[in-house]
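Chemist: Handing over structure_33.txt, compact mmCIF, C-alpha atoms.
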# COMPACT_ATOMS: atom_id res chain seq x y z
CA MET A 1 -10.60 -13.98 -14.88
CA GLU A 2 -12.15 -16.45 -12.47
CA ARG A 3 -10.83 -16.07 -8.94
CA ARG A 4 -9.07 -19.17 -7.75
CA THR A 5 -9.49 -19.74 -4.05
CA TYR A 6 -6.12 -19.75 -2.37
CA LEU A 7 -6.40 -18.09 1.01
CA GLY A 8 -8.01 -21.10 2.61
CA SER A 9 -5.22 -23.36 1.39
CA LEU A 10 -2.31 -21.27 2.65
CA GLY A 11 -0.32 -22.63 5.56
CA VAL A 12 0.45 -20.34 8.48
CA ALA A 13 4.12 -20.45 9.42
CA GLY A 14 5.63 -18.91 12.52
CA PHE A 15 8.27 -16.25 12.16
CA ALA A 16 10.74 -18.29 14.19
CA GLY A 17 10.72 -21.16 11.72
CA ILE A 18 11.34 -19.00 8.69
CA ALA A 19 13.23 -15.95 9.92
CA GLY A 20 16.59 -15.67 8.26
CA CYS A 21 15.73 -17.72 5.18
CA LEU A 22 16.78 -14.77 3.04
CA ASN A 23 20.34 -14.85 4.37
CA SER A 24 21.48 -17.01 1.50
CA LEU A 25 20.86 -14.14 -0.91
CA GLY A 26 23.65 -12.18 0.72
CA LEU A 27 21.62 -8.97 0.64
CA GLY A 28 19.96 -6.75 3.21
CA ASN A 29 20.09 -7.95 6.80
CA SER A 30 19.06 -11.29 8.25
CA ASN A 31 15.40 -10.53 7.58
CA THR A 32 15.46 -8.73 4.23
CA ALA A 33 16.58 -9.33 0.67
CA LEU A 34 17.07 -5.61 -0.05
CA PRO A 35 19.48 -3.28 1.74
CA PRO A 36 18.08 -0.10 3.31
CA ALA A 37 17.19 2.57 0.78
CA ASP A 38 19.47 5.59 0.53
CA ASP A 39 16.62 7.84 1.70
CA HIS A 40 15.55 5.57 4.55
CA PRO A 41 14.23 7.80 7.39
CA SER A 42 15.92 7.50 10.78
CA ASP A 43 12.82 7.05 12.92
CA PRO A 44 9.61 6.71 10.89
CA SER A 45 6.26 6.21 12.59
CA TYR A 46 5.24 3.62 10.00
CA PRO A 47 6.66 0.09 9.42
CA SER A 48 9.86 0.47 7.40
CA HIS A 49 12.85 -1.51 6.23
CA GLY A 50 13.59 -4.48 8.47
CA ASN A 51 10.50 -4.04 10.68
CA GLU A 52 7.94 -6.80 11.11
CA PHE A 53 4.74 -5.71 9.43
CA PRO A 54 1.89 -5.50 11.97
CA SER A 55 -0.72 -8.23 12.03
CA PHE A 56 -4.01 -7.37 10.33
CA SER A 57 -7.29 -9.04 9.44
CA ILE A 58 -9.47 -7.04 7.04
CA PRO A 59 -12.44 -7.99 4.82
CA ASP A 60 -12.17 -8.23 1.05
CA PRO A 61 -15.72 -7.24 0.05
CA ILE A 62 -15.44 -8.63 -3.48
CA ALA A 63 -14.03 -12.04 -2.62
CA GLY A 64 -16.26 -12.27 0.43
CA THR A 65 -13.38 -13.34 2.67
CA THR A 66 -11.10 -11.88 5.29
CA VAL A 67 -7.47 -11.23 4.40
CA SER A 68 -4.84 -11.52 7.11
CA LEU A 69 -1.09 -11.10 7.36
CA GLU A 70 -0.89 -14.78 8.28
CA ASP A 71 -2.27 -15.69 4.86
CA PHE A 72 1.02 -14.54 3.32
CA VAL A 73 3.70 -15.24 5.91
CA GLY A 74 5.68 -18.24 4.75
CA GLU A 75 3.93 -18.21 1.36
CA ARG A 76 4.52 -15.05 -0.67
CA PRO A 77 5.51 -11.38 -0.46
CA PHE A 78 2.89 -8.68 -0.85
CA LEU A 79 2.71 -5.10 -2.07
CA LEU A 80 0.25 -2.86 -0.21
CA THR A 81 -0.97 0.65 -0.89
CA TYR A 82 -3.51 2.94 0.77
CA PHE A 83 -6.13 4.92 -1.17
CA TYR A 84 -9.75 5.96 -1.67
CA THR A 85 -11.74 5.92 -4.89
CA SER A 86 -13.00 9.52 -4.76
CA CYS A 87 -9.48 10.96 -4.55
CA PRO A 88 -10.06 14.00 -6.77
CA ASP A 89 -6.67 14.18 -8.46
CA GLY A 90 -4.10 11.72 -9.73
CA VAL A 91 -2.46 10.60 -6.49
CA CYS A 92 -4.50 7.53 -5.56
CA PRO A 93 -4.82 6.35 -9.17
CA ALA A 94 -1.04 6.67 -9.48
CA LEU A 95 -0.57 4.50 -6.39
CA LEU A 96 -2.86 1.83 -7.84
CA THR A 97 -1.05 2.08 -11.16
CA ARG A 98 2.05 0.77 -9.37
CA LEU A 99 0.08 -2.34 -8.39
CA GLN A 100 -1.13 -2.67 -11.98
CA TRP A 101 2.47 -2.60 -13.21
CA ILE A 102 3.31 -5.55 -10.99
CA GLN A 103 0.14 -7.48 -11.82
CA GLU A 104 0.78 -7.12 -15.53
CA ASP A 105 4.47 -8.02 -15.26
CA ALA A 106 3.70 -11.01 -13.02
CA ALA A 107 1.23 -12.35 -15.56
CA GLU A 108 3.67 -11.87 -18.43
CA ARG A 109 6.64 -13.42 -16.61
CA ASP A 110 4.69 -16.16 -14.84
CA TYR A 111 5.16 -15.20 -11.20
CA ALA A 112 1.57 -14.20 -10.42
CA GLY A 113 1.45 -16.88 -7.75
CA ASP A 114 4.57 -15.48 -6.08
CA ILE A 115 3.30 -11.99 -5.19
CA ALA A 116 0.12 -10.62 -3.64
CA LEU A 117 -1.26 -7.15 -4.33
CA LEU A 118 -3.35 -5.39 -1.68
CA ALA A 119 -5.19 -2.07 -1.80
CA PHE A 120 -6.53 -0.70 1.50
CA THR A 121 -9.34 1.87 1.35
CA PHE A 122 -9.69 4.30 4.24
CA ASP A 123 -13.11 5.48 2.97
CA PRO A 124 -15.29 2.34 3.19
CA LYS A 125 -18.45 4.44 3.53
CA ASN A 126 -18.15 5.41 -0.13
CA ASP A 127 -15.92 2.59 -1.36
CA THR A 128 -18.51 -0.17 -1.61
CA ALA A 129 -17.79 -3.44 -3.37
CA GLU A 130 -19.37 -2.11 -6.57
CA ALA A 131 -17.44 1.15 -6.36
CA LEU A 132 -14.21 -0.78 -5.91
CA LYS A 133 -14.99 -3.02 -8.90
CA ASP A 134 -15.66 0.01 -11.09
CA HIS A 135 -12.50 1.70 -9.88
CA ALA A 136 -10.38 -1.38 -10.55
CA GLU A 137 -11.72 -1.65 -14.08
CA GLY A 138 -10.80 1.99 -14.68
CA GLN A 139 -7.32 1.25 -13.39
CA HIS A 140 -6.97 -1.88 -15.57
CA LEU A 141 -6.57 -4.00 -12.44
CA ASP A 142 -7.88 -7.55 -12.48
CA TYR A 143 -9.76 -7.58 -9.17
CA GLU A 144 -10.79 -11.20 -9.71
CA ALA A 145 -7.20 -12.41 -9.99
CA ASP A 146 -6.15 -14.65 -7.16
CA ASN A 147 -3.21 -12.39 -6.31
CA PHE A 148 -5.27 -9.21 -5.81
CA HIS A 149 -7.38 -8.06 -2.86
CA PHE A 150 -9.14 -4.88 -1.87
CA LEU A 151 -9.05 -4.41 1.90
CA ARG A 152 -12.13 -2.63 3.24
CA PRO A 153 -12.80 -2.12 6.96
CA GLU A 154 -16.43 -1.94 8.07
CA THR A 155 -16.43 1.77 8.94
CA ASN A 156 -14.40 4.90 8.30
CA GLU A 157 -13.65 5.06 12.01
CA GLU A 158 -12.17 1.57 11.94
CA ALA A 159 -10.21 2.42 8.78
CA LYS A 160 -8.73 5.49 10.46
CA GLN A 161 -7.81 3.45 13.53
CA ILE A 162 -6.05 0.82 11.40
CA MET A 163 -4.22 3.44 9.36
CA GLU A 164 -3.00 5.33 12.41
CA GLU A 165 -2.53 2.67 15.08
CA LYS A 166 -1.39 -0.29 12.96
CA PHE A 167 0.10 1.22 9.82
CA GLY A 168 1.41 4.40 11.50
CA MET A 169 0.06 6.79 8.87
CA PRO A 170 -2.27 9.54 10.12
CA ILE A 171 -5.18 10.63 7.97
CA THR A 172 -7.37 13.70 8.36
CA THR A 173 -10.70 14.48 6.75
CA VAL A 174 -11.59 18.03 5.79
CA ASP A 175 -14.33 18.32 8.39
CA GLU A 176 -11.71 17.73 11.08
CA SER A 177 -9.78 20.85 10.03
CA ASP A 178 -10.69 24.50 9.70
CA ASP A 179 -9.78 25.17 6.11
CA GLY A 180 -9.31 21.80 4.42
CA ASN A 181 -5.55 22.29 4.29
CA GLU A 182 -4.56 21.05 7.72
CA SER A 183 -1.94 18.37 7.79
CA SER A 184 -1.99 15.60 10.34
CA GLU A 185 -0.17 15.94 13.64
CA ASP A 186 2.76 13.93 12.32
CA ASP A 187 3.20 16.29 9.38
CA GLY A 188 3.96 19.32 11.50
CA HIS A 189 6.79 20.93 9.53
CA GLY A 190 4.35 22.15 6.91
CA GLY A 191 6.84 22.26 4.07
CA ASN A 192 5.11 21.95 0.71
CA GLU A 193 6.45 19.71 -2.00
CA SER A 194 4.78 19.18 -5.36
CA HIS A 195 4.28 15.88 -7.13
CA ASP A 196 3.74 14.94 -10.74
CA ASP A 197 0.46 13.06 -10.43
CA GLY A 198 -1.93 15.86 -9.69
CA GLY A 199 0.02 19.04 -9.25
CA HIS A 200 -0.83 20.06 -5.72
CA SER A 201 1.09 20.06 -2.50
CA GLY A 202 1.77 17.61 0.29
CA ASN A 203 3.61 18.01 3.56
CA GLU A 204 6.68 16.11 4.64
CA SER A 205 7.61 15.66 8.28
CA HIS A 206 10.72 14.90 10.28
CA ASN A 207 9.61 11.29 10.84
CA GLY A 208 9.06 10.40 7.21
CA ASN A 209 5.28 10.80 7.18
CA GLU A 210 4.25 13.13 4.39
CA SER A 211 0.65 14.06 3.70
CA HIS A 212 -1.28 14.59 0.53
CA ASP A 213 -4.07 17.16 0.78
CA ASP A 214 -7.22 16.55 -1.24
CA GLY A 215 -9.01 19.43 0.44
CA ALA A 216 -9.01 21.80 -2.53
CA HIS A 217 -11.52 19.88 -4.60
CA ALA A 218 -15.21 20.36 -3.87
CA GLY A 219 -17.76 17.58 -4.23
CA HIS A 220 -15.57 14.77 -2.93
CA THR A 221 -14.73 13.20 0.37
CA GLN A 222 -11.53 15.06 1.10
CA ILE A 223 -8.79 13.32 3.02
CA VAL A 224 -5.22 14.26 3.88
CA HIS A 225 -3.16 11.09 3.57
CA SER A 226 0.27 9.64 2.90
CA LYS A 227 1.45 8.60 -0.54
CA ARG A 228 3.03 5.28 0.34
CA ILE A 229 3.46 1.75 -1.00
CA THR A 230 4.79 -0.99 1.28
CA LEU A 231 6.64 -4.08 0.05
CA VAL A 232 6.65 -6.92 2.60
CA ASN A 233 8.57 -10.16 2.12
CA GLU A 234 7.25 -13.66 2.74
CA ASP A 235 8.77 -13.67 6.21
CA GLY A 236 6.56 -10.71 7.12
CA TYR A 237 9.33 -8.09 7.16
CA VAL A 238 9.19 -4.76 5.35
CA GLU A 239 11.58 -4.52 2.41
CA ARG A 240 10.50 -1.09 1.23
CA ALA A 241 8.10 1.60 2.44
CA TYR A 242 8.34 3.84 -0.60
CA PRO A 243 7.86 7.39 0.70
CA LYS A 244 6.14 9.94 -1.50
CA ALA A 245 5.67 7.05 -3.91
CA VAL A 246 4.15 9.23 -6.62
CA GLN A 247 6.15 12.40 -5.99
CA SER A 248 8.10 13.80 -8.91
CA GLU A 249 11.69 13.49 -7.71
CA MET A 250 11.22 10.66 -5.22
CA ALA A 251 8.56 8.64 -7.01
CA VAL A 252 9.36 4.96 -7.34
CA THR A 253 9.80 4.26 -11.04
CA LYS A 254 8.37 1.28 -12.85
CA GLU A 255 11.86 -0.08 -13.48
CA GLN A 256 12.85 0.16 -9.82
CA LEU A 257 9.60 -1.29 -8.53
CA LEU A 258 9.79 -4.27 -10.89
CA LYS A 259 13.40 -4.84 -9.88
CA ASP A 260 12.66 -4.69 -6.15
CA VAL A 261 9.61 -6.93 -6.35
CA GLY A 262 11.51 -9.39 -8.55
CA THR A 263 14.34 -9.59 -6.01
CA VAL A 264 12.01 -10.10 -3.06
CA ALA A 265 9.85 -12.63 -4.92
CA GLY A 266 12.89 -14.53 -6.20
CA VAL A 267 12.10 -13.88 -9.85
CA GLU A 268 14.95 -14.28 -12.29
Output the file's structure as structure tokens, nothing else.

Modeler:
Amino acid sequence: MERRTYLGSLGVAGFAGIAGCLNSLGLGNSNTALPPADDHPSDPSYPSHGNEFPSFSIPDPIAGTTVSLEDFVGERPFLLTYFYTSCPDGVCPALLTRLQWIQEDAAERDYAGDIALLAFTFDPKNDTAEALKDHAEGQHLDYEADNFHFLRPETNEEAKQIMEEKFGMPITTVDESDDGNESSEDDGHGGNESHDDGGHSGNESHNGNESHDDGAHAGHTQIVHSKRITLVNEDGYVERAYPKAVQSEMAVTKEQLLKDVGTVAGVE
């Protein structure tokens, strides 16, 4: 599919001029279309329901452009996940599968122009443009579609800084820990919970930040990271920060994700 240039044509609207436009739906609060989730954490470190999503400006190496929050505010909601291509089990592919569900449904139901899909890699050293293209093809994602963007910082250090300081989700590489099974400082409870997309454990913390440990697989860059997908509305407010998005009991289902995205995008 030939990419249609749209970022340059998007208007940038201030939050003040558009805040509250979702009130007419009668759902959520003044800034959201969805009410808080039943399992909404009390004090998460990451942007969650009703929070303004932090400003960002990150290169898309395939499109050759820079993608910013301001490209979407006032224009369309977006769905964002966080991954790396050498993830040695099924967790990161399962996260990207959720984006593929939406991309496919949007094409079938003609709302592709009403939702953006973003995938942030925190391993840019290995996740080159060609590696990302190959990975997208394996995931059946149309990386040339005008509603899809890979987000790739210049360095792994910058990616870690963005993940931790902007997105509030700590990541840890194996060479930063003694045994490859160390969770990040925000995952200190150390309770193990299994998931259905790869069969090994992750840690959940008091503040809603769980980790996923890829340290048990040799031959890969091994990174402890969260399993999260964030849905942000066109006003720039978080509607959902699906925790443990690919975990067996708490995984967001296809039906629920399609319903939530449809509500936020205004799809009948």

Chemist: Counting all atoms listed in the file, which residues have an atom no more than 6 Å from (-0.4, -2.3, 1.4) in the file's coordinates? Please list them as an MDAnalysis selection string.

Modeler: chainID A and resid 79:81 118:119 230

Chemist: Would you compute the distance between CA of Ala245 in chain A and CA of Thr65 in chain A? Give it in Å to one decimal.

Modeler: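 Separating CA of Ala245 in chain A from CA of Thr65 in chain A is a distance of 28.7 Å.
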
Chemist: Which of these residues is nearest to Thr97 in chain A, using all atoms listed in the file: A:Val252, A:Ala145, A:Ile223, A:Val238?

Modeler: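 Answer, going by the shortest atom-to-atom distance: A:Val252.
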
Chemist: In Å to one decimal, how far is CA of Asp114 in chain A from CA of Lys254 in chain A?

Modeler: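 Distance between the two atoms: 18.5 Å.
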
Chemist: If we count only C-alpha atoms, what is near Gln103 in chain A at a cut-off of 10 Å, once residues fewer than 2 positions away on the same chain are taken out, given as JSON, numbers by chain?

Modeler: {"A": [97, 98, 99, 100, 101, 105, 106, 107, 108, 111, 112, 115, 116, 117, 140, 141, 142, 145, 147, 148]}

Chemist: Tell me which residues come within 7 Å of (15.5, -2.5, 2.2), as number ranges by chain, counting only C-alpha atoms in the file's coordinates.

Modeler: A: 28, 32, 34-37, 49-50, 239-240

Chemist: Figure out the distance between CA of Asp110 in chain A and CA of Glu137 in chain A, please, to one decimal in Å.

Modeler: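 Taking CA of Glu137 in chain A as the start and CA of Asp110 in chain A as the end point, the length is 21.9 Å.
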
Chemist: Which residue is closest to Pro243 in chain A? Choose from A:Ser48, A:Ser55, A:Ser42, A:Thr66 and count only C-alpha atoms.

Modeler: A:Ser48
